[in-house]
Amino acid sequence: VATAARTQVAIIGGGPAGLLLSHILHRNGVDSIVLERQSRAHVLGRIRAGVLEAGTVALLREVGLGARMDREGHPHDGSAIAWEGRPRFFIDTQKFTGKRMMAYGQTAITEDLYAARDTAGGEVIDEADKVQLHALTARRPHVTYTKQGASRRIDCDYVAGCDGFHGVSRASIPASVLKTYEKSYPFGWLGVLSETPPYPDLCYCYHSRGFALASMRTPLLSRYYIQCELDARLEDWPDERFWQEFKARCPPEMAERIVTGPSIEKSIAPLRSFVAEPMQYGTLFLAGDAAHIVPPTGAKGLNLAVSDVFYLSRALIESCRSGKTHYLERYSDMALRRVWASARISWWLTMLLHRFPDETPFEERMRFDQFDYLRASEHAQASLAEQYVGLPFEA
Ligand code: RFL
Ligand code: PHB
């Protein structure tokens with residue numbers, strides 16, 4: 001090995017989870033090195049999440065990342081649900097919980113995080129190839145990787161696996177230790193980013209043609225999704241076809257108000273629920289998509305990555321400062337309680353709002369009735385609002 005370095009926490013993955021962890025650790029005097037497989041331009045080019053829970057917003061402010069979010073983000077008091085042939089209603093998070101959410105893109109958060117790491121002189125090594133984790137059950141683990149063909153090594157006290165669903169961290173845990181739970185859904189989401197003024201409300205639409213969602217980034221940048229076939233191909237979805245299909249799935253008065261324009265990004269993502277337990281193996285701790293995936297219908301993925309990082313940063317800071325491991329020992333259980341709650345609401349909203357290919361008429365009626373109950377019952381709405389705005393972090 002040509003070069004060796006030493007740090008307290010080696011963080012695998014420079015997405016929102018890994019960067020935020022590194023940022024919070026730094027603010028508390030714990031040093032880390034982030035290893036990211038892709039180039040920075042690639043990471044910053046990804047268009048993903050857009051809706052932040054109240055707790056995520058509060059945490060970002062608390063750790064000094066609120067300025068641009070408060071300037072450019074769009075606070076909102078909940079989201080609308082429109083159902084074909086029925087009056088639409090609003091999940092009023094402000095009314096039922098007193099809390100507000102924020103539309104602010106993951107791309108912008110990632111930019112803010114990179115800027116903060118750069119300002120602090122943080123070490124984020126991009127284009128790190130062949131990352132491997134070693135001696136995870138020993139007292140001192142280490143990580144190896146190659147950069148521009150040269151092998152390097154990092155000695156550390158802890159490894160944080162923040163490398164997303166396809167990363168190396170979860171794969172480094174023996175299969176006999178890990179229990180995984182998985183469900184895939186028989187459709188995907190086709191997403192479009194467009195430099196047009198967004199529809200004023202975030203609106204989830206159920207339609208017999210399939211699900212559709214209107215979301216936003218900035219006053220001049222909108223984000224739209226439609227449910228698509230699993231084998232859909234981007235070349236079969238030119239902009240005109242996308243807009244036509246999108247408008248066909250929303251109520252007529254909403255369709256009239258959608259401002260269309262050329263797309264600047266278009267992508268397809270399959271929908272999946274996945275949870276791996278436990279989120280720890282020896283000195284390795286998983287956070288974010290490395291440990292779990294939720295379908296995007298509840299807007300929970302990024303928010304879960306943030307709550308994992310809240311718990312994990314607290315645990316690592318405690319251990320690095322005082323040697324106490326109270327929170328580290330409880331990390332997996334604590335994080336997983338929130339993970340399962342978000343997995344459930346994401347699954348439930350996915351089942352409620354999509355067309356399922358092999359659905360029986362009975363199942364279809366159950367969904368209609370579920371919607372009618374939700375629209376009619378303040379109790380049901382309060383329950384959904386509480387979960388949509390985000391459950392509190394555990395002390
Ligand atoms: P990321 O963002 O996948 O980052 C992981 C990073 O690790 C790197 N990596 C490696 N690095 C080194 N060595 C290896 N072997 C590596 N393997 C991978 C990767 O290059 C990457 O940079 O995971 P993280 O940080 O856990 O963040 C999770 C979020 O990105 C994800 O949960 C959300 O985007 C999910 N999501 C949404 N979440 C929300 O909270 N609200 C939303 O509105 C929302 N909408 C969405 C979404 C995800 C979507 N897609 C595309 C899956 C909408 C969509 C369409
Ligand atoms: C988004 O704006 O990208 C978005 C919003 C709400 C969701 C999923 C994605 O449930």
# chains A, B, ... in the order shown; residues from 1 in each chain; ligands from 1
call {"tool": "select_by_dssp", "arguments": {"residues": "segment 4-158 of chain A", "states": "alpha helix (DSSP H)", "output": "VMD selection string"}}
result
chain A and resid 16 to 27 40 to 45 54 to 62 67 to 72 93 to 97 106 to 119
call {"tool": "write_last_selection", "arguments": {"atoms": "N, CA and C atoms", "output": "compact mmCIF listing (two decimals), in the first residue's frame"}}
result
# COMPACT_ATOMS: atom_id res chain seq x y z
N PRO A 16 -25.85 12.42 0.54
CA PRO A 16 -26.28 13.22 1.69
C PRO A 16 -25.95 12.59 3.04
N ALA A 17 -26.12 11.29 3.21
CA ALA A 17 -25.85 10.67 4.51
C ALA A 17 -24.38 10.83 4.90
N GLY A 18 -23.47 10.45 4.01
CA GLY A 18 -22.04 10.49 4.33
C GLY A 18 -21.54 11.90 4.57
N LEU A 19 -21.97 12.85 3.73
CA LEU A 19 -21.50 14.24 3.87
C LEU A 19 -22.04 14.88 5.13
N LEU A 20 -23.32 14.62 5.42
CA LEU A 20 -23.91 15.22 6.62
C LEU A 20 -23.25 14.65 7.88
N LEU A 21 -22.98 13.35 7.86
CA LEU A 21 -22.31 12.75 9.02
C LEU A 21 -20.94 13.40 9.22
N SER A 22 -20.19 13.53 8.15
CA SER A 22 -18.86 14.12 8.24
C SER A 22 -18.94 15.56 8.77
N HIS A 23 -19.93 16.30 8.29
CA HIS A 23 -20.13 17.68 8.71
C HIS A 23 -20.42 17.77 10.22
N ILE A 24 -21.36 16.95 10.69
CA ILE A 24 -21.74 17.02 12.11
C ILE A 24 -20.59 16.54 13.00
N LEU A 25 -19.89 15.50 12.57
CA LEU A 25 -18.75 15.01 13.36
C LEU A 25 -17.71 16.12 13.50
N HIS A 26 -17.42 16.79 12.38
CA HIS A 26 -16.43 17.86 12.40
C HIS A 26 -16.81 18.96 13.39
N ARG A 27 -18.09 19.34 13.38
CA ARG A 27 -18.54 20.39 14.31
C ARG A 27 -18.37 19.99 15.76
N ARG A 40 -17.29 14.31 -8.21
CA ARG A 40 -18.17 15.27 -7.56
C ARG A 40 -19.26 15.75 -8.52
N ALA A 41 -18.87 15.96 -9.77
CA ALA A 41 -19.85 16.43 -10.76
C ALA A 41 -20.99 15.42 -10.90
N HIS A 42 -20.64 14.14 -10.88
CA HIS A 42 -21.67 13.11 -11.01
C HIS A 42 -22.62 13.15 -9.81
N VAL A 43 -22.05 13.24 -8.60
CA VAL A 43 -22.89 13.25 -7.40
C VAL A 43 -23.83 14.47 -7.43
N LEU A 44 -23.29 15.61 -7.87
CA LEU A 44 -24.09 16.83 -7.87
C LEU A 44 -25.09 16.88 -9.02
N GLY A 45 -24.92 15.99 -9.99
CA GLY A 45 -25.84 15.98 -11.13
C GLY A 45 -27.09 15.17 -10.86
N ALA A 54 -40.28 18.14 8.89
CA ALA A 54 -39.99 19.23 9.83
C ALA A 54 -38.71 18.96 10.62
N GLY A 55 -38.48 17.71 11.04
CA GLY A 55 -37.29 17.37 11.82
C GLY A 55 -36.00 17.51 11.02
N THR A 56 -36.08 17.19 9.73
CA THR A 56 -34.91 17.34 8.86
C THR A 56 -34.57 18.82 8.72
N VAL A 57 -35.59 19.65 8.51
CA VAL A 57 -35.40 21.10 8.38
C VAL A 57 -34.76 21.65 9.66
N ALA A 58 -35.29 21.23 10.82
CA ALA A 58 -34.76 21.73 12.10
C ALA A 58 -33.31 21.30 12.28
N LEU A 59 -33.00 20.05 11.94
CA LEU A 59 -31.64 19.56 12.12
C LEU A 59 -30.67 20.31 11.20
N LEU A 60 -31.07 20.52 9.95
CA LEU A 60 -30.17 21.22 9.01
C LEU A 60 -29.88 22.63 9.52
N ARG A 61 -30.92 23.29 10.05
CA ARG A 61 -30.70 24.63 10.61
C ARG A 61 -29.74 24.57 11.79
N GLU A 62 -29.96 23.58 12.65
CA GLU A 62 -29.17 23.46 13.88
C GLU A 62 -27.69 23.26 13.59
N ALA A 67 -29.16 28.39 5.95
CA ALA A 67 -29.26 29.71 5.33
C ALA A 67 -29.85 29.66 3.91
N ARG A 68 -29.23 28.86 3.04
CA ARG A 68 -29.72 28.82 1.66
C ARG A 68 -31.08 28.13 1.58
N MET A 69 -31.26 27.10 2.40
CA MET A 69 -32.55 26.39 2.43
C MET A 69 -33.68 27.37 2.79
N ASP A 70 -33.43 28.23 3.79
CA ASP A 70 -34.48 29.17 4.19
C ASP A 70 -34.70 30.27 3.14
N ARG A 71 -33.64 30.56 2.38
CA ARG A 71 -33.77 31.56 1.33
C ARG A 71 -34.47 31.00 0.09
N GLU A 72 -34.06 29.82 -0.32
CA GLU A 72 -34.52 29.30 -1.61
C GLU A 72 -35.57 28.20 -1.53
N THR A 93 -50.50 19.32 7.41
CA THR A 93 -49.55 19.05 8.50
C THR A 93 -49.53 20.22 9.49
N GLN A 94 -49.70 21.42 8.98
CA GLN A 94 -49.70 22.60 9.85
C GLN A 94 -50.85 22.53 10.85
N LYS A 95 -52.04 22.23 10.32
CA LYS A 95 -53.23 22.18 11.18
C LYS A 95 -53.13 21.07 12.22
N PHE A 96 -52.69 19.88 11.80
CA PHE A 96 -52.74 18.74 12.72
C PHE A 96 -51.49 18.61 13.59
N THR A 97 -50.37 19.15 13.15
CA THR A 97 -49.14 18.95 13.93
C THR A 97 -48.47 20.26 14.33
N GLN A 106 -32.65 17.66 -2.95
CA GLN A 106 -31.47 16.92 -2.49
C GLN A 106 -30.21 17.42 -3.19
N THR A 107 -30.35 17.83 -4.45
CA THR A 107 -29.21 18.35 -5.20
C THR A 107 -28.67 19.60 -4.50
N ALA A 108 -29.57 20.47 -4.06
CA ALA A 108 -29.14 21.70 -3.37
C ALA A 108 -28.52 21.36 -2.01
N ILE A 109 -29.11 20.42 -1.28
CA ILE A 109 -28.55 20.01 0.02
C ILE A 109 -27.14 19.46 -0.17
N THR A 110 -26.97 18.67 -1.21
CA THR A 110 -25.65 18.08 -1.46
C THR A 110 -24.64 19.19 -1.80
N GLU A 111 -25.06 20.17 -2.57
CA GLU A 111 -24.18 21.32 -2.86
C GLU A 111 -23.80 22.04 -1.57
N ASP A 112 -24.79 22.27 -0.71
CA ASP A 112 -24.54 22.97 0.56
C ASP A 112 -23.55 22.18 1.41
N LEU A 113 -23.72 20.85 1.41
CA LEU A 113 -22.84 20.00 2.22
C LEU A 113 -21.40 20.01 1.69
N TYR A 114 -21.26 19.92 0.37
CA TYR A 114 -19.91 19.99 -0.20
C TYR A 114 -19.25 21.33 0.12
N ALA A 115 -20.05 22.40 0.00
CA ALA A 115 -19.50 23.73 0.31
C ALA A 115 -19.03 23.80 1.76
N ALA A 116 -19.83 23.25 2.67
CA ALA A 116 -19.48 23.29 4.09
C ALA A 116 -18.23 22.44 4.37
N ARG A 117 -18.13 21.28 3.73
CA ARG A 117 -16.94 20.44 3.93
C ARG A 117 -15.70 21.15 3.37
N ASP A 118 -15.85 21.79 2.23
CA ASP A 118 -14.71 22.50 1.63
C ASP A 118 -14.24 23.64 2.55
N THR A 119 -15.19 24.43 3.05
CA THR A 119 -14.86 25.55 3.93
C THR A 119 -14.10 25.07 5.16
call {"tool": "closest_atom_pairs", "arguments": {"of": "chain A", "to": "ligand 2", "cutoff": "9 Å", "atoms": "only C-alpha atoms and all ligand atoms", "output": "tab-separated table"}}
result
residue	atom	partner	partner_atom_place_in_ligand_line	distance
A:Ile47	CA	ligand 2	3 (O)	7.9
A:Arg48	CA	ligand 2	3 (O)	5.7
A:Ala49	CA	ligand 2	3 (O)	4.3
A:Gly50	CA	ligand 2	2 (O)	3.8
A:Val51	CA	ligand 2	5 (C)	5.3
A:Leu52	CA	ligand 2	5 (C)	8.9
A:Ser79	CA	ligand 2	6 (C)	8.8
A:Ala103	CA	ligand 2	2 (O)	7.0
A:Tyr104	CA	ligand 2	2 (O)	8.1
A:Gly105	CA	ligand 2	2 (O)	7.2
A:Gln106	CA	ligand 2	3 (O)	8.5
A:Gly191	CA	ligand 2	3 (O)	8.1
A:Leu202	CA	ligand 2	5 (C)	7.2
A:Cys203	CA	ligand 2	6 (C)	8.4
A:Tyr204	CA	ligand 2	10 (O)	7.9
A:Leu213	CA	ligand 2	6 (C)	7.3
A:Ala214	CA	ligand 2	5 (C)	7.6
A:Ser215	CA	ligand 2	2 (O)	4.6
A:Met216	CA	ligand 2	2 (O)	5.6
A:Arg217	CA	ligand 2	2 (O)	6.9
A:Ser222	CA	ligand 2	2 (O)	8.2
A:Arg223	CA	ligand 2	2 (O)	5.8
A:Tyr224	CA	ligand 2	2 (O)	7.5
A:Tyr225	CA	ligand 2	9 (C)	7.9
A:Pro295	CA	ligand 2	10 (O)	8.5
A:Pro296	CA	ligand 2	8 (C)	4.8
A:Thr297	CA	ligand 2	10 (O)	4.0
A:Gly298	CA	ligand 2	10 (O)	4.5
A:Ala299	CA	ligand 2	10 (O)	3.7
A:Lys300	CA	ligand 2	10 (O)	7.4
A:Gly301	CA	ligand 2	8 (C)	8.9
A:Ser346	CA	ligand 2	10 (O)	8.6
call {"tool": "write_last_selection", "arguments": {"atoms": "N, CA, C and O atoms", "output": "compact mmCIF listing (two decimals), in the first residue's frame"}}
result
# COMPACT_ATOMS: atom_id res chain seq x y z
N ILE A 47 -30.63 14.09 -9.65
CA ILE A 47 -31.87 14.75 -9.23
C ILE A 47 -32.67 13.73 -8.44
O ILE A 47 -33.07 12.71 -8.99
N ARG A 48 -32.88 13.97 -7.19
CA ARG A 48 -33.64 12.99 -6.41
C ARG A 48 -34.68 13.67 -5.54
O ARG A 48 -35.56 14.33 -6.03
N ALA A 49 -34.53 13.52 -4.22
CA ALA A 49 -35.59 13.92 -3.31
C ALA A 49 -35.86 15.42 -3.32
O ALA A 49 -35.01 16.22 -3.71
N GLY A 50 -37.06 15.78 -2.83
CA GLY A 50 -37.38 17.19 -2.80
C GLY A 50 -38.15 17.65 -1.58
O GLY A 50 -38.33 18.85 -1.39
N VAL A 51 -38.60 16.72 -0.74
CA VAL A 51 -39.47 17.13 0.36
C VAL A 51 -38.83 16.80 1.71
O VAL A 51 -38.48 15.66 1.98
N LEU A 52 -38.68 17.81 2.53
CA LEU A 52 -38.02 17.63 3.82
C LEU A 52 -39.04 17.65 4.95
O LEU A 52 -39.88 18.55 5.04
N SER A 79 -49.56 18.41 1.76
CA SER A 79 -49.71 18.09 0.34
C SER A 79 -51.15 17.72 0.04
O SER A 79 -51.87 17.27 0.92
N ALA A 103 -40.03 22.23 0.65
CA ALA A 103 -39.58 21.69 -0.64
C ALA A 103 -38.21 22.28 -0.91
O ALA A 103 -38.07 23.50 -1.08
N TYR A 104 -37.19 21.45 -0.86
CA TYR A 104 -35.82 21.89 -1.10
C TYR A 104 -35.07 20.66 -1.61
O TYR A 104 -35.07 19.62 -0.96
N GLY A 105 -34.47 20.78 -2.77
CA GLY A 105 -33.96 19.59 -3.46
C GLY A 105 -32.74 18.97 -2.81
O GLY A 105 -31.89 19.64 -2.23
N GLN A 106 -32.65 17.66 -2.95
CA GLN A 106 -31.47 16.92 -2.49
C GLN A 106 -30.21 17.42 -3.19
O GLN A 106 -29.13 17.45 -2.60
N GLY A 191 -39.67 10.34 -13.91
CA GLY A 191 -39.61 11.70 -13.38
C GLY A 191 -39.07 12.68 -14.40
O GLY A 191 -38.21 12.35 -15.20
N LEU A 202 -47.96 20.74 -3.74
CA LEU A 202 -47.48 19.40 -4.01
C LEU A 202 -48.73 18.53 -4.06
O LEU A 202 -49.52 18.54 -3.13
N CYS A 203 -48.94 17.82 -5.14
CA CYS A 203 -50.20 17.09 -5.28
C CYS A 203 -49.98 15.67 -5.78
O CYS A 203 -49.37 15.44 -6.82
N TYR A 204 -50.46 14.70 -5.00
CA TYR A 204 -50.43 13.27 -5.35
C TYR A 204 -51.76 12.93 -6.01
O TYR A 204 -52.82 13.20 -5.44
N LEU A 213 -47.65 12.71 -9.82
CA LEU A 213 -47.27 13.61 -8.71
C LEU A 213 -46.71 14.91 -9.27
O LEU A 213 -45.83 14.90 -10.13
N ALA A 214 -47.23 16.03 -8.77
CA ALA A 214 -46.68 17.34 -9.11
C ALA A 214 -45.89 17.85 -7.92
O ALA A 214 -46.43 17.94 -6.81
N SER A 215 -44.60 18.14 -8.13
CA SER A 215 -43.78 18.67 -7.05
C SER A 215 -42.98 19.86 -7.56
O SER A 215 -43.16 20.30 -8.71
N MET A 216 -42.11 20.37 -6.72
CA MET A 216 -41.45 21.63 -7.06
C MET A 216 -40.04 21.67 -6.52
O MET A 216 -39.67 20.91 -5.61
N ARG A 217 -39.23 22.54 -7.06
CA ARG A 217 -37.90 22.80 -6.54
C ARG A 217 -37.75 24.28 -6.20
O ARG A 217 -37.46 24.64 -5.09
N SER A 222 -39.78 22.90 -11.77
CA SER A 222 -40.79 21.98 -11.26
C SER A 222 -40.38 20.53 -11.49
O SER A 222 -39.57 20.23 -12.37
N ARG A 223 -40.95 19.66 -10.67
CA ARG A 223 -40.63 18.24 -10.74
C ARG A 223 -41.94 17.46 -10.84
O ARG A 223 -42.85 17.69 -10.03
N TYR A 224 -42.04 16.60 -11.82
CA TYR A 224 -43.26 15.81 -12.02
C TYR A 224 -42.89 14.34 -12.14
O TYR A 224 -41.81 14.01 -12.65
N TYR A 225 -43.80 13.48 -11.68
CA TYR A 225 -43.60 12.04 -11.83
C TYR A 225 -44.89 11.39 -12.32
O TYR A 225 -45.99 11.83 -11.98
N PRO A 295 -40.14 3.08 -1.12
CA PRO A 295 -40.65 3.67 -2.36
C PRO A 295 -40.86 5.16 -2.12
O PRO A 295 -41.18 5.56 -0.99
N PRO A 296 -40.67 6.01 -3.14
CA PRO A 296 -40.64 7.46 -2.91
C PRO A 296 -42.00 8.09 -2.56
O PRO A 296 -42.06 9.28 -2.24
N THR A 297 -43.07 7.31 -2.58
CA THR A 297 -44.41 7.88 -2.41
C THR A 297 -44.59 8.67 -1.11
O THR A 297 -45.37 9.61 -1.06
N GLY A 298 -43.88 8.31 -0.05
CA GLY A 298 -44.02 9.06 1.19
C GLY A 298 -42.97 10.14 1.36
O GLY A 298 -42.95 10.83 2.38
N ALA A 299 -42.07 10.29 0.39
CA ALA A 299 -40.96 11.26 0.45
C ALA A 299 -40.10 11.03 1.70
O ALA A 299 -39.71 11.97 2.37
N LYS A 300 -39.80 9.77 1.99
CA LYS A 300 -39.11 9.46 3.25
C LYS A 300 -37.62 9.12 3.12
O LYS A 300 -36.90 9.14 4.12
N GLY A 301 -37.14 8.76 1.94
CA GLY A 301 -35.79 8.21 1.82
C GLY A 301 -34.70 9.12 2.36
O GLY A 301 -33.91 8.75 3.24
N SER A 346 -44.66 4.57 3.80
CA SER A 346 -44.29 4.62 2.37
C SER A 346 -44.98 3.50 1.60
O SER A 346 -45.47 3.68 0.48
call {"tool": "select_by_dssp", "arguments": {"residues": "segment 228-357 of chain A", "states": "strand (DSSP E)", "output": "short mmCIF file (atom, residue, chain, number, x, y, z; two decimals) with N, CA, C and O atoms, in the first residue's frame"}}
result
data_model
loop_
_atom_site.label_atom_id
_atom_site.label_comp_id
_atom_site.auth_asym_id
_atom_site.auth_seq_id
_atom_site.Cartn_x
_atom_site.Cartn_y
_atom_site.Cartn_z
N CYS A 228 -45.00 4.31 -14.17
CA CYS A 228 -44.76 3.75 -15.49
C CYS A 228 -44.53 2.24 -15.38
O CYS A 228 -44.34 1.71 -14.30
N SER A 263 -38.13 19.29 -20.91
CA SER A 263 -37.54 18.70 -19.71
C SER A 263 -36.04 18.95 -19.72
O SER A 263 -35.42 18.98 -20.79
N ILE A 264 -35.44 19.17 -18.54
CA ILE A 264 -33.99 19.28 -18.49
C ILE A 264 -33.37 18.03 -17.86
O ILE A 264 -32.16 17.88 -17.81
N GLU A 265 -34.22 17.14 -17.36
CA GLU A 265 -33.74 15.85 -16.85
C GLU A 265 -34.93 14.92 -16.88
O GLU A 265 -36.07 15.34 -16.66
N LYS A 266 -34.65 13.64 -17.17
CA LYS A 266 -35.72 12.65 -17.20
C LYS A 266 -35.12 11.33 -16.75
O LYS A 266 -34.04 10.97 -17.21
N SER A 267 -35.79 10.65 -15.84
CA SER A 267 -35.22 9.38 -15.38
C SER A 267 -36.31 8.43 -14.92
O SER A 267 -37.43 8.85 -14.62
N ILE A 268 -35.96 7.15 -14.86
CA ILE A 268 -36.91 6.12 -14.43
C ILE A 268 -36.33 5.41 -13.22
O ILE A 268 -35.15 5.06 -13.22
N ALA A 269 -37.12 5.22 -12.19
CA ALA A 269 -36.66 4.49 -11.00
C ALA A 269 -37.69 3.42 -10.65
O ALA A 269 -38.89 3.71 -10.60
N PRO A 270 -37.23 2.19 -10.37
CA PRO A 270 -38.16 1.17 -9.91
C PRO A 270 -38.55 1.43 -8.46
O PRO A 270 -37.83 2.14 -7.75
N LEU A 271 -39.68 0.92 -8.01
CA LEU A 271 -40.09 1.14 -6.62
C LEU A 271 -39.83 -0.12 -5.80
O LEU A 271 -40.17 -1.22 -6.23
N ARG A 272 -39.25 0.08 -4.63
CA ARG A 272 -38.87 -1.06 -3.81
C ARG A 272 -38.89 -0.69 -2.34
O ARG A 272 -38.59 0.44 -1.98
N SER A 273 -39.28 -1.66 -1.50
CA SER A 273 -39.11 -1.53 -0.06
C SER A 273 -38.05 -2.54 0.34
O SER A 273 -38.08 -3.69 -0.10
N PHE A 274 -37.11 -2.11 1.18
CA PHE A 274 -36.02 -3.01 1.61
C PHE A 274 -35.52 -2.54 2.97
O PHE A 274 -35.30 -1.36 3.17
N VAL A 275 -35.38 -3.48 3.90
CA VAL A 275 -34.77 -3.15 5.20
C VAL A 275 -33.79 -4.25 5.57
O VAL A 275 -34.12 -5.44 5.45
N ALA A 276 -32.59 -3.88 5.98
CA ALA A 276 -31.59 -4.84 6.47
C ALA A 276 -31.40 -4.62 7.97
O ALA A 276 -31.23 -3.48 8.41
N GLU A 277 -31.41 -5.72 8.71
CA GLU A 277 -31.21 -5.65 10.16
C GLU A 277 -30.10 -6.60 10.57
O GLU A 277 -30.05 -7.70 10.01
N GLN A 280 -25.68 -2.60 12.25
CA GLN A 280 -24.31 -2.59 12.78
C GLN A 280 -23.69 -3.96 12.64
O GLN A 280 -24.37 -4.99 12.78
N TYR A 281 -22.38 -3.99 12.35
CA TYR A 281 -21.61 -5.22 12.42
C TYR A 281 -20.23 -4.84 12.95
O TYR A 281 -19.46 -4.17 12.26
N LEU A 284 -18.61 -1.44 12.12
CA LEU A 284 -19.27 -0.86 10.93
C LEU A 284 -20.72 -0.48 11.27
O LEU A 284 -21.46 -1.30 11.82
N PHE A 285 -21.11 0.74 10.93
CA PHE A 285 -22.48 1.20 11.14
C PHE A 285 -23.06 1.67 9.81
O PHE A 285 -22.44 2.48 9.12
N LEU A 286 -24.23 1.15 9.45
CA LEU A 286 -24.87 1.54 8.19
C LEU A 286 -25.80 2.72 8.42
O LEU A 286 -26.45 2.81 9.47
N HIS A 292 -31.48 0.66 3.95
CA HIS A 292 -32.92 0.56 3.67
C HIS A 292 -33.32 1.41 2.48
O HIS A 292 -32.74 2.45 2.22
N ILE A 293 -34.35 0.94 1.79
CA ILE A 293 -34.93 1.67 0.66
C ILE A 293 -36.43 1.73 0.88
O ILE A 293 -37.03 0.75 1.28
#
call {"tool": "closest_residue", "arguments": {"among": "A:Met254, A:Met279, A:Leu136, A:Ala291", "to": "ligand 1", "atoms": "only C-alpha atoms and all ligand atoms"}}
result
A:Ala291
call {"tool": "atom_distance", "arguments": {"atom1": "atom CA of Leu193 of chain A", "atom2": "atom CA of Leu352 of chain A"}}
result
24.8 Å
